[in-house]
Amino acid sequence: MSFILSIVIFATHSLLNTPCVDGFIPYPSFRTPTAPLFLSAYEVNWYDFGVCNIPGVDWKRPSKVNQDAWFRHDDVDQHAIVGVLDGHGTHGHELSDYFAASLPSEFLKQLNNSAPSYTELERRIENLAGFKLDTNANTEFETALIHAFHGTHWNAMSNPDLKTGRNGATCIVCCIEKETKSCSVAFVGDSRAICIRKDGIHVVAEETAVNLPHERQRIENGEGSIRGKNVFYGPVGIAMTRALGDAVLLRAGVVPTPVVNTFQLSDGDVLVLATDGVWDVLTNQDVRVIIENHGKAHDASEAIASEARKRWIGELPIMDEAKADDITVMECGEVCVEKDEITPRTLDQICSLHLADIPLMRSIASNLVEIDE
């Protein structure tokens, strides 16, 4: 018996404008109707893994692009590093792609002490913000994650090709150590991660928003204002208190510093990372029930994403008026099975299994080109 990792992607993907940083190739999702559709299966060797992305749709914005992105880096001997991102703003997809490409390698550089010190850089961010950043960490992994977020954020702001003023991204990163089964988590924005255990559901990355007292206090001490659930700096607003990018909102208290924590994984634990396209319509318990009814991580991820899509679309009789957020869900869990073959499915097969809006998905895919494998 051996530990097998299987992955099935339901997404369309273009690497034409996506940087490849130190060998890390991110997996951005649906970008344009001309990107190729593919379903793939990969194998690594010590944990079960699945991810599914379904692009959003807005009948009022037919040119809407998917701003979700995700990444996975596997160091077979040491770590698994996974993450999901959700861009916002007109150029949010460019930011989510950039951070997905940059964060894993930046984290490993920090962990291996091969990156420059960011003490001076963080001092510059603090000068721009007008207050001191909270960089307290309990482990070297947490420290490396904080520095990686700050460094990647600063590099994006310094890149003339990226519009970081009013655009940004949420981000959750999990680093799992193979030997110790320790999981370090860093997060900003309104995505969420949960750990499903035998004794219940534990939230390991929560939405950073003004409803949290310590988050609200920082915003109130800054130069911005709170209106409802949003943070504003002048006319610019955002529905979260931490984010990568969004340079204009820094003085309002919206910081790139991630919340970090570390916990121990036990046999049978399942990690679920997802963007708000899932959590806006599904509860933690909904996700747990779906996972319990699907053995493989890739099957469960696909089922969760598809159920979220159904909740968004509902029973609309006219698909031309459909509206749904971008949906990305990722599942990680330990599994010990023999290698099995995963047969890529066609779009219609995926739709018939899970999706209620087959005509809509077929219309989206009508201009897709075949991919050579």
# chains A, B, ... in the order shown; residues from 1 in each chain; ligands from 1
$ residues_around --residues "segment 215-228 of chain A" --least-positions-apart "3" --cutoff "6 Å" --atoms "only C-alpha atoms" --output "tab-separated table (two decimals) with C-alpha atoms, in the first residue's frame"
chain	number	residue	atom	x	y	z
A	210	VAL	CA	-15.15	44.22	10.40
A	212	LEU	CA	-14.25	40.71	14.30
A	231	VAL	CA	-14.04	49.47	4.76
A	232	PHE	CA	-13.67	52.75	2.87
A	233	TYR	CA	-10.84	55.16	2.21
A	251	ARG	CA	-3.91	53.82	5.39
A	252	ALA	CA	-7.47	52.77	6.13
A	253	GLY	CA	-6.07	49.75	7.99
$ residues_around --residues "Phe99 of chain A" --least-positions-apart "6" --cutoff "12 Å" --atoms "only C-alpha atoms" --output "ChimeraX atom specification"
/A:18-21,24-28,67-71,83-87,92-93,105-107,148-157,162,164,168-173,243-245,256
$ write_last_selection --atoms "N, CA and C atoms" --output "short mmCIF file (atom, residue, chain, number, x, y, z; two decimals), in the first residue's frame"
data_model
loop_
_atom_site.label_atom_id
_atom_site.label_comp_id
_atom_site.auth_asym_id
_atom_site.auth_seq_id
_atom_site.Cartn_x
_atom_site.Cartn_y
_atom_site.Cartn_z
N THR A 18 0.75 34.38 -17.46
CA THR A 18 0.98 33.99 -16.08
C THR A 18 2.45 33.69 -15.86
N PRO A 19 3.10 34.36 -14.90
CA PRO A 19 4.53 34.14 -14.70
C PRO A 19 4.82 32.77 -14.10
N CYS A 20 5.92 32.18 -14.49
CA CYS A 20 6.40 30.96 -13.88
C CYS A 20 7.60 31.35 -13.02
N VAL A 21 7.43 31.26 -11.72
CA VAL A 21 8.44 31.76 -10.79
C VAL A 21 9.20 30.59 -10.18
N PHE A 24 7.59 27.18 -10.24
CA PHE A 24 6.23 27.03 -9.76
C PHE A 24 5.27 27.47 -10.85
N ILE A 25 4.42 26.59 -11.31
CA ILE A 25 3.41 26.97 -12.28
C ILE A 25 2.06 26.95 -11.56
N PRO A 26 1.41 28.11 -11.42
CA PRO A 26 0.11 28.14 -10.76
C PRO A 26 -0.95 27.56 -11.68
N TYR A 27 -2.11 27.34 -11.16
CA TYR A 27 -3.20 26.81 -11.95
C TYR A 27 -4.37 27.79 -11.91
N PRO A 28 -4.28 28.90 -12.70
CA PRO A 28 -5.37 29.84 -12.71
C PRO A 28 -6.58 29.20 -13.37
N GLN A 67 -11.85 35.35 -11.40
CA GLN A 67 -10.74 35.93 -10.66
C GLN A 67 -10.18 34.98 -9.59
N ASP A 68 -10.72 33.78 -9.51
CA ASP A 68 -10.17 32.79 -8.58
C ASP A 68 -8.89 32.18 -9.15
N ALA A 69 -8.02 31.75 -8.28
CA ALA A 69 -6.81 31.03 -8.68
C ALA A 69 -6.43 30.09 -7.54
N TRP A 70 -5.56 29.14 -7.83
CA TRP A 70 -5.10 28.23 -6.78
C TRP A 70 -3.70 27.73 -7.15
N PHE A 71 -3.02 27.17 -6.16
CA PHE A 71 -1.70 26.59 -6.44
C PHE A 71 -1.46 25.39 -5.54
N GLY A 83 -2.84 26.52 -1.77
CA GLY A 83 -3.49 27.79 -1.51
C GLY A 83 -4.60 28.09 -2.50
N VAL A 84 -5.54 28.91 -2.07
CA VAL A 84 -6.59 29.42 -2.95
C VAL A 84 -6.62 30.94 -2.84
N LEU A 85 -6.98 31.60 -3.94
CA LEU A 85 -7.02 33.05 -3.98
C LEU A 85 -8.28 33.50 -4.72
N ASP A 86 -8.73 34.70 -4.40
CA ASP A 86 -9.91 35.28 -5.04
C ASP A 86 -9.63 36.76 -5.29
N GLY A 87 -9.46 37.13 -6.55
CA GLY A 87 -9.15 38.51 -6.87
C GLY A 87 -10.37 39.41 -6.82
N GLY A 92 -8.39 42.25 -10.81
CA GLY A 92 -8.17 41.29 -9.72
C GLY A 92 -7.63 39.95 -10.18
N HIS A 93 -8.03 39.51 -11.38
CA HIS A 93 -7.53 38.22 -11.88
C HIS A 93 -6.03 38.26 -12.13
N SER A 105 7.10 30.01 -3.88
CA SER A 105 8.57 30.10 -3.93
C SER A 105 9.09 31.13 -2.94
N GLU A 106 8.37 32.21 -2.75
CA GLU A 106 8.79 33.22 -1.78
C GLU A 106 8.79 32.64 -0.37
N PHE A 107 7.78 31.83 -0.06
CA PHE A 107 7.71 31.19 1.26
C PHE A 107 8.90 30.26 1.48
N ALA A 148 6.67 36.16 3.60
CA ALA A 148 6.34 35.86 2.20
C ALA A 148 5.17 36.70 1.73
N PHE A 149 4.15 36.85 2.57
CA PHE A 149 3.00 37.70 2.20
C PHE A 149 3.46 39.14 2.01
N HIS A 150 4.25 39.66 2.96
CA HIS A 150 4.72 41.04 2.86
C HIS A 150 5.59 41.24 1.63
N GLY A 151 6.51 40.31 1.40
CA GLY A 151 7.42 40.44 0.27
C GLY A 151 6.70 40.38 -1.06
N THR A 152 5.76 39.44 -1.19
CA THR A 152 5.02 39.31 -2.44
C THR A 152 4.14 40.53 -2.67
N HIS A 153 3.54 41.03 -1.59
CA HIS A 153 2.71 42.24 -1.68
C HIS A 153 3.56 43.42 -2.16
N TRP A 154 4.73 43.60 -1.56
CA TRP A 154 5.58 44.74 -1.92
C TRP A 154 6.08 44.60 -3.36
N ASN A 155 6.45 43.38 -3.76
CA ASN A 155 6.91 43.17 -5.13
C ASN A 155 5.82 43.48 -6.14
N ALA A 156 4.58 43.16 -5.79
CA ALA A 156 3.46 43.47 -6.68
C ALA A 156 3.27 44.98 -6.80
N MET A 157 3.35 45.68 -5.65
CA MET A 157 3.20 47.14 -5.68
C MET A 157 4.32 47.79 -6.48
N LEU A 162 1.50 45.79 -12.89
CA LEU A 162 0.37 45.38 -12.05
C LEU A 162 -0.30 46.61 -11.45
N THR A 164 -2.07 47.67 -8.55
CA THR A 164 -2.37 47.24 -7.18
C THR A 164 -3.10 48.30 -6.36
N GLY A 168 -6.86 43.75 -5.76
CA GLY A 168 -6.15 42.89 -4.82
C GLY A 168 -6.70 41.48 -4.84
N ALA A 169 -6.38 40.73 -3.80
CA ALA A 169 -6.81 39.33 -3.74
C ALA A 169 -6.86 38.85 -2.30
N THR A 170 -7.80 37.97 -2.04
CA THR A 170 -7.79 37.20 -0.80
C THR A 170 -6.82 36.05 -0.98
N CYS A 171 -6.39 35.45 0.10
CA CYS A 171 -5.44 34.33 -0.02
C CYS A 171 -5.42 33.49 1.25
N ILE A 172 -5.47 32.19 1.07
CA ILE A 172 -5.22 31.23 2.16
C ILE A 172 -4.09 30.31 1.72
N VAL A 173 -3.07 30.17 2.55
CA VAL A 173 -1.97 29.25 2.28
C VAL A 173 -1.85 28.26 3.44
N ALA A 243 -5.85 42.08 2.94
CA ALA A 243 -5.80 41.64 1.55
C ALA A 243 -4.40 41.85 1.01
N LEU A 244 -4.07 41.11 -0.04
CA LEU A 244 -2.86 41.36 -0.81
C LEU A 244 -3.22 42.36 -1.91
N GLY A 245 -2.37 43.36 -2.12
CA GLY A 245 -2.71 44.42 -3.05
C GLY A 245 -3.49 45.52 -2.33
N PRO A 256 -1.64 43.77 4.38
CA PRO A 256 -1.30 42.50 3.75
C PRO A 256 -0.78 41.46 4.74
#
$ select_by_dssp --residues "segment 152-193 of chain A" --states "helix (DSSP H, G or I)" --output "PyMOL selection string"
chain A and resi 152-157
$ residues_around --residues "Ile304 of chain A" --least-positions-apart "5" --cutoff "9 Å" --atoms "only C-alpha atoms" --output "PyMOL selection string"
chain A and resi 52+278+282+286-287+290-291+299+309+329
$ atom_distance --atom1 "atom CA of Glu206 of chain A" --atom2 "atom CA of Asp280 of chain A"
13.0 Å
$ closest_residue --among "A:Leu271, A:Arg61, A:Val259, A:Asp326" --to "Ser301 of chain A" --atoms "only C-alpha atoms"
A:Leu271
$ closest_residue --among "A:Ala129, A:Gln285, A:Thr241, A:Thr328" --to "Pro213 of chain A" --atoms "only C-alpha atoms"
A:Thr241
$ closest_residue --among "A:Pro62, A:Gly130, A:Gly268, A:Pro55" --to "Ala308 of chain A" --atoms "only C-alpha atoms"
A:Pro55
$ atom_distance --atom1 "atom CA of His91 of chain A" --atom2 "atom CA of Ser184 of chain A"
29.3 Å
$ residues_around --residues "Thr208 of chain A" --least-positions-apart "2" --cutoff "7 Å" --atoms "only C-alpha atoms" --output "number ranges by chain"
A: 188-190, 206, 240-242
$ atom_distance --atom1 "atom CA of Asp199 of chain A" --atom2 "atom CA of Ser266 of chain A"
11.2 Å
$ select_by_dssp --residues "segment 88-252 of chain A" --states "strand (DSSP E or B)" --output "ChimeraX atom specification"
/A:88,168-177,182-188,192-197,200-205,225-227,230-233,236-238,242,244-245
$ closest_residue --among "A:Cys174, A:Leu250, A:Val260, A:Ile194" --to "Ile146 of chain A" --atoms "only C-alpha atoms"
A:Val260
